[in-house]
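Asker: One file is attached below, model23.txt, containing compact mmCIF, C-alpha atoms.
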# COMPACT_ATOMS: atom_id res chain seq x y z
CA MET A 1 293.50 186.71 282.38
CA SER A 2 296.05 186.40 279.63
CA ASN A 3 297.01 183.66 277.27
CA ASN A 4 300.64 184.48 277.96
CA THR A 5 300.60 183.66 281.64
CA SER A 6 300.89 179.92 281.52
CA SER A 7 304.00 177.83 281.68
CA CYS A 8 301.94 175.07 280.06
CA GLU A 9 301.65 177.05 276.88
CA ASP A 10 305.40 177.47 276.59
CA SER A 11 305.87 173.71 276.51
CA ALA A 12 303.08 173.07 274.02
CA PHE A 13 303.96 172.03 270.49
CA PRO A 14 303.10 174.61 267.81
CA SER A 15 299.87 174.01 265.93
CA ALA A 16 299.82 173.15 262.23
CA ALA A 17 299.46 176.03 259.79
CA ALA A 18 296.06 174.79 258.61
CA ALA A 19 294.72 174.75 262.17
CA GLU A 20 295.96 178.29 262.72
CA ILE A 21 294.27 179.45 259.53
CA VAL A 22 290.99 177.99 260.78
CA LYS A 23 291.48 179.71 264.15
CA THR A 24 292.20 183.01 262.41
CA ALA A 25 289.07 182.71 260.26
CA ALA A 26 286.97 181.85 263.31
CA TYR A 27 288.24 184.89 265.20
CA LEU A 28 287.70 187.14 262.17
CA LEU A 29 284.11 185.95 261.98
CA ILE A 30 283.20 186.63 265.60
CA CYS A 31 285.14 189.92 265.53
CA VAL A 32 283.08 191.22 262.60
CA ILE A 33 279.79 190.01 264.08
CA SER A 34 280.59 191.46 267.50
CA THR A 35 281.76 194.81 266.15
CA VAL A 36 278.84 195.32 263.76
CA GLY A 37 276.19 193.89 266.10
CA ASN A 38 277.21 195.84 269.18
CA LEU A 39 277.67 199.05 267.20
CA LEU A 40 274.10 198.70 265.90
CA VAL A 41 272.80 198.21 269.43
CA ILE A 42 274.69 201.24 270.76
CA ILE A 43 274.01 203.65 267.90
CA ILE A 44 270.31 202.98 267.39
CA VAL A 45 269.43 202.99 271.09
CA LEU A 46 271.28 206.24 271.64
CA LYS A 47 269.48 207.85 268.68
CA ASP A 48 266.03 207.00 270.05
CA ARG A 49 265.08 209.03 273.11
CA ARG A 50 262.30 206.66 274.11
CA LEU A 51 264.56 203.63 273.93
CA ARG A 52 267.19 205.44 275.98
CA SER A 53 264.62 206.00 278.73
CA VAL A 54 264.09 202.25 279.27
CA THR A 55 266.32 201.08 282.11
CA ILE A 56 267.12 197.68 280.66
CA ASN A 57 268.13 199.27 277.34
CA GLN A 58 270.66 201.39 279.23
CA PHE A 59 272.15 198.28 280.81
CA ILE A 60 272.20 196.52 277.43
CA VAL A 61 274.09 199.43 275.87
CA SER A 62 276.60 199.28 278.72
CA MET A 63 277.17 195.58 278.01
CA ALA A 64 277.44 196.30 274.28
CA ILE A 65 280.19 198.85 274.93
CA ALA A 66 282.10 196.30 277.00
CA ASP A 67 281.67 193.70 274.25
CA LEU A 68 282.83 196.21 271.65
CA LEU A 69 286.01 196.84 273.64
CA THR A 70 286.65 193.10 273.63
CA SER A 71 286.28 193.06 269.85
CA LEU A 72 288.60 195.99 269.24
CA PHE A 73 291.35 195.05 271.69
CA ASN A 74 291.33 191.36 272.57
CA MET A 75 290.03 189.76 269.40
CA THR A 76 292.33 191.76 267.13
CA VAL A 77 295.37 190.69 269.16
CA GLU A 78 294.27 187.06 268.97
CA ILE A 79 293.87 187.39 265.21
CA TRP A 80 297.40 188.80 264.96
CA ILE A 81 298.80 185.94 267.06
CA HIS A 82 297.18 183.23 264.93
CA ILE A 83 298.22 184.92 261.68
CA LYS A 84 301.82 184.88 262.89
CA LYS A 85 301.52 181.21 263.84
CA ALA A 86 299.95 180.32 260.48
CA ALA A 87 302.89 181.99 258.73
CA GLY A 88 305.32 180.00 260.86
CA GLN A 89 306.75 183.16 262.42
CA GLN A 90 307.97 183.56 265.96
CA ILE A 91 305.68 185.43 268.29
CA PHE A 92 307.33 188.12 270.34
CA TRP A 93 306.02 191.30 271.86
CA PHE A 94 306.45 194.88 270.74
CA GLU A 95 309.26 197.10 271.95
CA GLY A 96 308.95 200.46 273.65
CA ALA A 97 306.25 202.15 275.68
CA GLY A 98 303.56 201.20 273.19
CA GLY A 99 304.30 197.52 273.70
CA VAL A 100 304.04 197.91 277.48
CA VAL A 101 300.74 199.81 277.23
CA LEU A 102 299.30 197.20 274.88
CA CYS A 103 300.51 194.31 277.03
CA LYS A 104 298.78 195.71 280.09
CA GLY A 105 295.81 197.15 278.22
CA ILE A 106 294.50 194.04 276.46
CA VAL A 107 294.43 192.03 279.69
CA VAL A 108 292.83 194.87 281.66
CA VAL A 109 290.20 195.39 278.95
CA GLN A 110 289.34 191.70 278.95
CA GLY A 111 288.98 191.64 282.74
CA LEU A 112 286.99 194.87 282.68
CA SER A 113 284.63 193.53 280.00
CA ILE A 114 283.96 190.28 281.86
CA ALA A 115 283.38 192.07 285.16
CA CYS A 116 281.16 194.69 283.53
CA SER A 117 279.06 192.01 281.85
CA VAL A 118 278.49 189.92 284.94
CA LEU A 119 277.80 192.93 287.17
CA THR A 120 275.37 194.31 284.60
CA LEU A 121 273.58 190.96 284.48
CA ILE A 122 273.24 191.17 288.26
CA ALA A 123 271.88 194.72 287.99
CA ILE A 124 269.31 193.66 285.40
CA ALA A 125 268.22 190.69 287.52
CA VAL A 126 267.84 192.90 290.60
CA ASN A 127 265.93 195.50 288.57
CA ARG A 128 263.54 192.85 287.24
CA PHE A 129 263.13 191.38 290.73
CA PHE A 130 262.01 194.70 292.21
CA ALA A 131 259.83 195.45 289.17
CA VAL A 132 257.95 192.17 289.70
CA PHE A 133 257.79 191.96 293.49
CA TYR A 134 257.68 195.67 294.40
CA PRO A 135 256.31 197.48 291.31
CA LEU A 136 254.81 200.38 293.26
CA LYS A 137 258.15 201.20 294.85
CA MET A 138 260.10 201.38 291.60
CA GLY A 139 259.34 205.02 290.80
CA SER A 140 261.76 206.84 288.51
CA THR A 141 264.87 204.74 287.92
CA LYS A 142 266.72 206.95 285.41
CA SER A 143 269.14 208.52 287.88
CA LEU A 144 269.52 205.22 289.71
CA SER A 145 270.38 203.35 286.50
CA ILE A 146 272.98 205.95 285.52
CA PHE A 147 274.54 205.71 288.97
CA THR A 148 274.46 201.91 288.81
CA ILE A 149 276.13 201.79 285.40
CA THR A 150 278.83 204.22 286.52
CA PHE A 151 279.40 202.18 289.68
CA ILE A 152 279.62 198.97 287.63
CA TRP A 153 282.33 200.39 285.36
CA LEU A 154 284.32 201.72 288.32
CA VAL A 155 284.15 198.38 290.14
CA SER A 156 284.99 196.52 286.94
CA PHE A 157 288.08 198.63 286.40
CA ALA A 158 289.09 198.18 290.03
CA THR A 159 288.87 194.39 289.77
CA SER A 160 290.99 194.30 286.61
CA SER A 161 293.45 197.03 287.64
CA PRO A 162 295.89 194.65 289.44
CA MET A 163 296.90 193.45 285.99
CA LEU A 164 298.26 196.92 285.27
CA TYR A 165 301.07 195.93 287.60
CA ALA A 166 301.25 192.20 286.99
CA MET A 167 301.47 192.25 283.17
CA LYS A 168 305.03 193.02 282.08
CA VAL A 169 307.09 192.92 278.92
CA ILE A 170 310.02 190.65 279.75
CA GLN A 171 313.02 189.56 277.70
CA ARG A 172 313.41 185.81 278.03
CA GLU A 173 316.27 183.43 277.40
CA ASP A 174 315.51 183.30 273.67
CA GLY A 175 316.30 187.01 273.44
CA ASN A 176 312.76 188.00 272.45
CA LEU A 177 310.26 190.12 274.34
CA HIS A 178 307.18 188.44 275.81
CA CYS A 179 304.05 189.81 277.49
CA ILE A 180 303.67 187.74 280.65
CA GLU A 181 302.08 187.90 284.09
CA GLN A 182 304.73 188.51 286.75
CA TRP A 183 303.84 189.74 290.24
CA SER A 184 307.39 190.24 291.47
CA PRO A 185 309.11 192.18 292.95
CA ALA A 186 306.14 193.41 295.00
CA PHE A 187 304.84 189.86 295.46
CA GLU A 188 306.88 186.69 295.43
CA GLY A 189 305.98 183.08 294.83
CA GLU A 190 302.99 181.48 293.12
CA SER A 191 300.32 182.63 295.56
CA PRO A 192 299.57 186.11 294.09
CA HIS A 193 298.31 184.96 290.71
CA LYS A 194 296.56 181.94 292.27
CA ASN A 195 294.74 184.17 294.76
CA TYR A 196 293.78 186.63 292.05
CA THR A 197 292.51 183.83 289.82
CA LEU A 198 290.48 182.38 292.70
CA PHE A 199 289.05 185.85 293.31
CA LEU A 200 287.95 186.14 289.67
CA ILE A 201 286.40 182.68 289.56
CA THR A 202 284.52 183.08 292.85
CA LEU A 203 283.43 186.70 293.05
CA LEU A 204 283.09 187.51 289.35
CA TYR A 205 281.70 184.24 288.03
CA ALA A 206 280.44 181.53 290.39
CA LEU A 207 278.71 183.62 293.06
CA PRO A 208 277.13 186.15 290.66
CA LEU A 209 275.70 183.44 288.42
CA ALA A 210 274.33 181.62 291.47
CA ALA A 211 272.68 184.83 292.72
CA ILE A 212 271.26 185.60 289.28
CA SER A 213 269.84 182.08 289.05
CA VAL A 214 268.03 182.51 292.36
CA LEU A 215 266.59 185.88 291.33
CA TYR A 216 265.32 184.68 287.96
CA THR A 217 263.86 181.55 289.49
CA ALA A 218 261.78 183.72 291.81
CA ILE A 219 260.85 186.08 288.95
CA VAL A 220 259.72 183.27 286.68
CA ARG A 221 257.56 181.72 289.40
CA LYS A 222 255.97 185.09 290.12
CA VAL A 223 255.39 186.20 286.53
CA TRP A 224 253.91 182.93 285.35
CA LYS A 225 251.42 183.02 288.23
CA ARG A 226 250.67 186.76 288.35
CA GLN A 227 247.50 188.13 286.84
CA VAL A 228 247.69 191.29 284.75
CA PRO A 229 246.49 194.21 286.93
CA GLY A 230 243.69 196.50 285.87
CA ASN A 231 240.59 196.06 283.76
CA LEU A 232 242.24 194.57 280.67
CA THR A 233 240.53 192.63 277.97
CA ALA A 234 241.54 189.07 277.18
CA PRO A 235 243.54 190.00 274.03
CA ASN A 236 245.60 192.56 275.90
CA GLN A 237 246.22 190.09 278.70
CA LEU A 238 247.51 187.53 276.25
CA VAL A 239 249.75 190.08 274.52
CA GLU A 240 251.25 191.31 277.78
CA LEU A 241 251.79 187.81 279.11
CA ALA A 242 253.46 186.75 275.85
CA THR A 243 255.71 189.81 276.00
CA LYS A 244 256.68 189.11 279.60
CA LYS A 245 257.63 185.56 278.73
CA ARG A 246 259.65 186.68 275.71
CA VAL A 247 261.51 189.26 277.79
CA LEU A 248 262.34 186.74 280.49
CA ARG A 249 263.43 184.15 277.95
CA MET A 250 265.78 186.66 276.34
CA LEU A 251 267.32 187.82 279.61
CA ILE A 252 267.70 184.28 280.94
CA THR A 253 269.24 183.19 277.64
CA VAL A 254 271.81 185.99 277.87
CA VAL A 255 272.77 184.81 281.36
CA ILE A 256 272.98 181.14 280.40
CA VAL A 257 275.06 181.89 277.30
CA PHE A 258 277.43 184.06 279.33
CA GLY A 259 277.89 181.31 281.91
CA LEU A 260 278.46 178.59 279.33
CA CYS A 261 280.78 180.66 277.14
CA TRP A 262 283.13 181.57 279.97
CA LEU A 263 282.95 178.22 281.78
CA PRO A 264 285.75 176.55 279.73
CA TYR A 265 288.07 179.51 280.27
CA TYR A 266 287.55 179.58 284.02
CA THR A 267 287.94 175.81 284.07
CA TYR A 268 291.27 176.24 282.32
CA LEU A 269 292.37 178.83 284.86
CA SER A 270 291.38 176.52 287.69
CA MET A 271 293.34 173.60 286.26
CA ASN A 272 296.37 175.71 285.38
CA PHE A 273 296.74 178.01 288.35
CA ILE A 274 294.96 176.30 291.23
CA VAL A 275 295.56 172.58 290.86
CA ASP A 276 298.83 172.97 288.93
CA SER A 277 297.66 170.79 286.06
CA CYS A 278 298.57 171.43 282.43
CA PRO A 279 295.50 171.04 280.19
CA PRO A 280 295.85 170.06 276.51
CA ALA A 281 297.32 172.74 274.27
CA ASN A 282 294.04 173.63 272.53
CA VAL A 283 292.03 173.98 275.75
CA MET A 284 293.31 177.54 276.19
CA PHE A 285 292.23 178.50 272.68
CA ILE A 286 288.78 176.93 273.04
CA GLY A 287 288.18 178.58 276.41
CA LEU A 288 289.30 182.03 275.30
CA PHE A 289 287.56 181.78 271.93
CA LEU A 290 284.21 180.82 273.47
CA GLY A 291 284.54 183.62 276.02
CA HIS A 292 285.24 186.16 273.28
CA ALA A 293 282.45 184.67 271.15
CA ASN A 294 280.00 185.71 273.87
CA SER A 295 280.49 189.30 272.71
CA ALA A 296 279.28 188.31 269.24
CA ILE A 297 276.44 186.11 270.47
CA ASN A 298 274.71 188.75 272.60
CA PRO A 299 273.52 190.95 269.68
CA CYS A 300 272.34 187.80 267.91
CA ILE A 301 270.25 186.83 270.95
CA TYR A 302 268.46 190.18 270.83
CA ALA A 303 267.68 189.63 267.15
CA ILE A 304 266.53 186.03 267.64
CA PHE A 305 263.89 187.19 270.11
CA ASN A 306 262.57 189.79 267.67
CA LYS A 307 260.89 188.49 264.50
CA GLU A 308 260.46 191.97 263.07
CA CYS A 309 264.19 192.60 263.41
CA ARG A 310 265.01 189.49 261.42
CA SER A 311 262.58 190.59 258.74
CA SER A 312 264.15 194.02 258.50
CA LEU A 313 267.62 192.50 258.23
CA ARG A 314 266.50 190.39 255.29
CA SER A 315 264.91 193.30 253.47
CA PHE A 316 267.65 195.85 254.31
CA ASN A 317 264.97 198.53 254.29
CA ARG A 318 266.18 200.12 257.51
CA ALA A 319 268.63 199.70 260.35
CA CYS A 320 267.86 196.82 262.65
CA LEU A 321 267.60 197.22 266.41
CA PRO A 322 266.60 194.17 268.46
CA MET A 323 264.96 196.38 271.05
CA LEU A 324 262.86 198.42 268.56
CA PRO A 325 259.18 198.04 269.43
CA ARG A 326 257.00 197.15 266.48
CA SER A 327 254.19 195.15 268.05
CA ARG A 328 250.69 196.56 267.78
CA VAL A 329 247.83 196.04 270.17
CA PRO A 330 244.19 196.45 269.11
CA ARG A 331 242.61 199.46 270.75
CA THR A 332 239.04 200.26 271.65
CA SER A 333 237.58 203.09 273.67
CA ASN A 334 237.26 200.81 276.69
CA GLN A 335 240.69 199.21 276.55
CA ASN A 336 244.01 200.12 278.03
CA THR A 337 246.66 201.43 275.65
CA MET A 338 249.84 199.42 275.89
CA LYS A 339 253.36 200.14 274.76
CA LEU A 340 255.45 197.06 274.14
CA THR A 341 259.17 196.80 273.93
CA GLU A 342 261.38 193.77 273.67
CA PHE A 343 262.71 194.45 277.17
CA GLY A 344 259.49 195.13 279.01
CA THR A 345 255.84 196.02 278.88
CA GLU A 346 254.53 199.40 279.81
CA GLY A 347 250.76 199.72 280.11
CA THR A 348 248.69 202.86 280.51
CA THR A 349 245.24 202.40 282.02
CA ARG A 350 242.91 205.09 280.79
CA GLU A 351 240.55 204.66 283.68
CA GLN A 352 243.30 204.76 286.29
CA GLY A 353 245.81 207.00 284.52
CA LYS A 354 248.65 204.91 285.86
CA ARG A 355 251.56 203.12 284.20
CA SER A 356 252.60 199.67 285.31
CA SER A 357 256.23 198.72 285.54
CA PRO A 358 257.97 196.36 283.08
CA LEU A 359 257.38 192.67 283.69
What is this structure when it is put down as structure tokens?
Answerer:
Amino acid sequence: MSNNTSSCEDSAFPSAAAAEIVKTAAYLLICVISTVGNLLVIIIVLKDRRLRSVTINQFIVSMAIADLLTSLFNMTVEIWIHIKKAAGQQIFWFEGAGGVVLCKGIVVVQGLSIACSVLTLIAIAVNRFFAVFYPLKMGSTKSLSIFTITFIWLVSFATSSPMLYAMKVIQREDGNLHCIEQWSPAFEGESPHKNYTLFLITLLYALPLAAISVLYTAIVRKVWKRQVPGNLTAPNQLVELATKKRVLRMLITVVIVFGLCWLPYYTYLSMNFIVDSCPPANVMFIGLFLGHANSAINPCIYAIFNKECRSSLRSFNRACLPMLPRSRVPRTSNQNTMKLTEFGTEGTTREQGKRSSPL
């Protein structure tokens, strides 16, 4: 989980100063976008009681917090590393207890963020699956969503916690301190970090994405065929169907982007730790950069799927929240009243007095 764990990197030739300047600028860009974007998502959702009550919004905020941690811890360290390289300075780790805490912390935070994101994507997919196939059994999900989010963070920390032991500040032959992955003395040989890497690739990437793909495939088939329940007029049917499709497109896009962004990094880990092959020097940077860029892309995805949000950003009239509902549905005395959000559709049938579940 760290860019300091590979023997391949030690043998790589240093990059030119111009290339390091470009890398620094790229990381600064995604760091700013990720920090600002995820802060907007967190702050505005938490300030709106109605938005907080939507289950998917709660999961999105959880992911935004994880992405924000990546911005504050991992991206800033990468920026520091590339600034040092651009200046032609030697990179060595910090002395004292603070250096040890930082060495362990940045790797744990990265692992926690990845695990939290993928587990949250699973939770959202499962939630949408039950909302579509078993809407009458959904009931109140507030307490369940809080429990699920808490469980996700605990599991995420547990999966990344082995790095609290493995990451160490070691003085090498050059006399400088380095933050590296070293499983000894508790574990000897190459198998510990290979097994841990295989665990991450399989249980926190490949299998979850496969399961999510199956769930969304079933959801898409069901939603595109399902008729809107109740005595709705044609305009309301079209609005709800359009909202369902937009919600699904957004959620599926988030999953696809996550999978693609982290694919190069996990490919690098596979080549480096499993098949004992040394990839080109820049493969590590590309893999880690794209993975970190996922934290900046997520808020942009929410905005892309909301035209009103883009309009408000251009005008700067008010704070922009991708999830803020602004759509209006024509009402008549005989029609259902509908409340639309970017993450789901909630309809209230006046004749029945019932509320349908999102999607």
Asker: Sort by chain and increasing residue number a table of all residues of region 91-135 of chain A within 10 Å of region 181-191 of chain A, each with its closest pair of atoms and their distance in Å to one decimal, counting only C-alpha atoms, and write it as JSON lines.
Answerer:
{"residue": "A:Cys103", "atom": "CA", "partner": "A:Glu181", "partner_atom": "CA", "distance": 9.7}
{"residue": "A:Lys104", "atom": "CA", "partner": "A:Glu181", "partner_atom": "CA", "distance": 9.4}
{"residue": "A:Val107", "atom": "CA", "partner": "A:Glu181", "partner_atom": "CA", "distance": 9.7}
Asker: In Å to one decimal, how far is CA of Val54 (chain A) from CA of Ile42 (chain A)?
Answerer: 13.6 Å
Asker: Check the smallest atom-to-atom distance from each of A:Leu269, A:Met75, A:Ala97, A:Val45 to Ala26 (chain A) using all atoms listed in the file, then report the winner.
Answerer: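 Smallest separation from Ala26 (chain A) among the options: A:Met75.
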Asker: Work out how far apart CA of Leu51 (chain A) and CA of Val220 (chain A) are and give it in Å to one decimal.
Answerer: 24.5 Å
Asker: Residues of region 157-218 of chain A within 9 Å of region 254-257 of chain A: nearest atom pair and distance (Å, one decimal) for each, counting all atoms listed in the file, sorted by chain and number, as a tab-separated table?
Answerer:
residue	atom	partner	partner_atom	distance
A:Leu209	CA	A:Val255	CA	7.8
A:Ile212	CA	A:Val255	CA	8.1
A:Ser213	CA	A:Val255	CA	8.7
Asker: Rounded to one decimal in Å, what is the spacing between CA of Trp80 (chain A) and CA of Leu177 (chain A)?
Answerer: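 Separating CA of Trp80 (chain A) from CA of Leu177 (chain A) is a distance of 16.0 Å.
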Asker: Which of these residues is nearest to Ile122 (chain A), using all atoms listed in the file: A:Ala211, A:Ala25, A:Tyr165, A:Asp48?
Answerer: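 When distances to Ile122 (chain A) are compared using all atoms listed in the file, the smallest one comes from A:Ala211.
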Asker: Would you mind telling me which residue in A:Ile252, A:Val108, A:Cys300, A:Ala242 lies nearest to Ile219 (chain A) when using all atoms listed in the file?
Answerer: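 Of the candidates, the smallest distance to Ile219 (chain A) is held by A:Ile252.
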Asker: Quick one: of A:Ala293, A:Met163, A:Ala303, A:Val109, who's nearest to Tyr27 (chain A), counting all atoms listed in the file?
Answerer: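 Smallest separation from Tyr27 (chain A) among the options: A:Ala293.
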Asker: Rank nothing, just name the residue among A:Phe133, A:Pro299, A:Thr267, A:Phe157 nearest to Lys222 (chain A), using only C-alpha atoms.
Answerer: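 For Lys222 (chain A), the nearest of the candidates is A:Phe133.
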Asker: Restricting the calculation to all atoms listed in the file: of A:Phe130, A:Tyr216, A:Phe73, A:Phe199, which residue gets closest to Val101 (chain A)?
Answerer: A:Phe73
Asker: What's around Ile56 (chain A) at 8 Å? Count only C-alpha atoms, leave out sequence neighbours fewer than 2 positions away in its own chain, and write the answer as a list in words.
Answerer: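 Listed by chain and then number, they are Val54, Gln58, Phe59, Ile60, Ile124 and Phe343 of chain A.
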Asker: Generate the coordinates of N, CA and C atoms for region 70-93 of chain A; report them as a PDB file, keeping the file's coordinate frame.
Answerer:
ATOM      1  N   THR A  70     286.054 194.422 273.821  1.00  0.00           N
ATOM      2  CA  THR A  70     286.650 193.100 273.630  1.00  0.00           C
ATOM      3  C   THR A  70     286.959 192.850 272.163  1.00  0.00           C
ATOM      4  N   SER A  71     286.062 193.249 271.285  1.00  0.00           N
ATOM      5  CA  SER A  71     286.280 193.060 269.850  1.00  0.00           C
ATOM      6  C   SER A  71     287.486 193.841 269.358  1.00  0.00           C
ATOM      7  N   LEU A  72     287.569 195.101 269.774  1.00  0.00           N
ATOM      8  CA  LEU A  72     288.600 195.990 269.240  1.00  0.00           C
ATOM      9  C   LEU A  72     289.987 195.702 269.812  1.00  0.00           C
ATOM     10  N   PHE A  73     290.051 195.252 271.051  1.00  0.00           N
ATOM     11  CA  PHE A  73     291.350 195.050 271.690  1.00  0.00           C
ATOM     12  C   PHE A  73     291.756 193.578 271.732  1.00  0.00           C
ATOM     13  N   ASN A  74     290.931 192.746 272.345  1.00  0.00           N
ATOM     14  CA  ASN A  74     291.330 191.360 272.570  1.00  0.00           C
ATOM     15  C   ASN A  74     291.262 190.499 271.317  1.00  0.00           C
ATOM     16  N   MET A  75     290.161 190.599 270.587  1.00  0.00           N
ATOM     17  CA  MET A  75     290.030 189.760 269.400  1.00  0.00           C
ATOM     18  C   MET A  75     291.064 190.097 268.335  1.00  0.00           C
ATOM     19  N   THR A  76     291.345 191.377 268.149  1.00  0.00           N
ATOM     20  CA  THR A  76     292.330 191.760 267.130  1.00  0.00           C
ATOM     21  C   THR A  76     293.717 191.235 267.479  1.00  0.00           C
ATOM     22  N   VAL A  77     294.068 191.231 268.751  1.00  0.00           N
ATOM     23  CA  VAL A  77     295.370 190.690 269.160  1.00  0.00           C
ATOM     24  C   VAL A  77     295.418 189.193 268.919  1.00  0.00           C
ATOM     25  N   GLU A  78     294.316 188.493 269.224  1.00  0.00           N
ATOM     26  CA  GLU A  78     294.270 187.060 268.970  1.00  0.00           C
ATOM     27  C   GLU A  78     294.387 186.754 267.483  1.00  0.00           C
ATOM     28  N   ILE A  79     293.759 187.566 266.662  1.00  0.00           N
ATOM     29  CA  ILE A  79     293.870 187.390 265.210  1.00  0.00           C
ATOM     30  C   ILE A  79     295.321 187.550 264.769  1.00  0.00           C
ATOM     31  N   TRP A  80     295.990 188.564 265.291  1.00  0.00           N
ATOM     32  CA  TRP A  80     297.400 188.800 264.960  1.00  0.00           C
ATOM     33  C   TRP A  80     298.265 187.613 265.373  1.00  0.00           C
ATOM     34  N   ILE A  81     298.011 187.076 266.560  1.00  0.00           N
ATOM     35  CA  ILE A  81     298.800 185.940 267.060  1.00  0.00           C
ATOM     36  C   ILE A  81     298.645 184.729 266.143  1.00  0.00           C
ATOM     37  N   HIS A  82     297.409 184.413 265.744  1.00  0.00           N
ATOM     38  CA  HIS A  82     297.180 183.230 264.930  1.00  0.00           C
ATOM     39  C   HIS A  82     297.650 183.417 263.495  1.00  0.00           C
ATOM     40  N   ILE A  83     297.637 184.651 262.998  1.00  0.00           N
ATOM     41  CA  ILE A  83     298.220 184.920 261.680  1.00  0.00           C
ATOM     42  C   ILE A  83     299.720 184.656 261.695  1.00  0.00           C
ATOM     43  N   LYS A  84     300.374 185.104 262.754  1.00  0.00           N
ATOM     44  CA  LYS A  84     301.820 184.880 262.890  1.00  0.00           C
ATOM     45  C   LYS A  84     302.120 183.386 262.968  1.00  0.00           C
ATOM     46  N   LYS A  85     301.307 182.650 263.730  1.00  0.00           N
ATOM     47  CA  LYS A  85     301.520 181.210 263.840  1.00  0.00           C
ATOM     48  C   LYS A  85     301.276 180.510 262.513  1.00  0.00           C
ATOM     49  N   ALA A  86     300.238 180.935 261.778  1.00  0.00           N
ATOM     50  CA  ALA A  86     299.950 180.320 260.480  1.00  0.00           C
ATOM     51  C   ALA A  86     301.076 180.537 259.493  1.00  0.00           C
ATOM     52  N   ALA A  87     301.759 181.680 259.618  1.00  0.00           N
ATOM     53  CA  ALA A  87     302.890 181.990 258.730  1.00  0.00           C
ATOM     54  C   ALA A  87     304.181 181.351 259.205  1.00  0.00           C
ATOM     55  N   GLY A  88     304.129 180.650 260.336  1.00  0.00           N
ATOM     56  CA  GLY A  88     305.320 180.000 260.860  1.00  0.00           C
ATOM     57  C   GLY A  88     306.323 180.968 261.463  1.00  0.00           C
ATOM     58  N   GLN A  89     305.865 182.146 261.855  1.00  0.00           N
ATOM     59  CA  GLN A  89     306.750 183.160 262.420  1.00  0.00           C
ATOM     60  C   GLN A  89     306.744 183.099 263.935  1.00  0.00           C
ATOM     61  N   GLN A  90     307.867 183.526 264.509  1.00  0.00           N
ATOM     62  CA  GLN A  90     307.970 183.560 265.960  1.00  0.00           C
ATOM     63  C   GLN A  90     307.121 184.690 266.520  1.00  0.00           C
ATOM     64  N   ILE A  91     306.509 184.416 267.649  1.00  0.00           N
ATOM     65  CA  ILE A  91     305.680 185.430 268.290  1.00  0.00           C
ATOM     66  C   ILE A  91     306.459 186.090 269.413  1.00  0.00           C
ATOM     67  N   PHE A  92     306.692 187.344 269.269  1.00  0.00           N
ATOM     68  CA  PHE A  92     307.330 188.120 270.340  1.00  0.00           C
ATOM     69  C   PHE A  92     306.644 189.466 270.427  1.00  0.00           C
ATOM     70  N   TRP A  93     306.789 190.082 271.590  1.00  0.00           N
ATOM     71  CA  TRP A  93     306.020 191.300 271.860  1.00  0.00           C
ATOM     72  C   TRP A  93     306.710 192.516 271.270  1.00  0.00           C
TER      73      TRP A  93
END
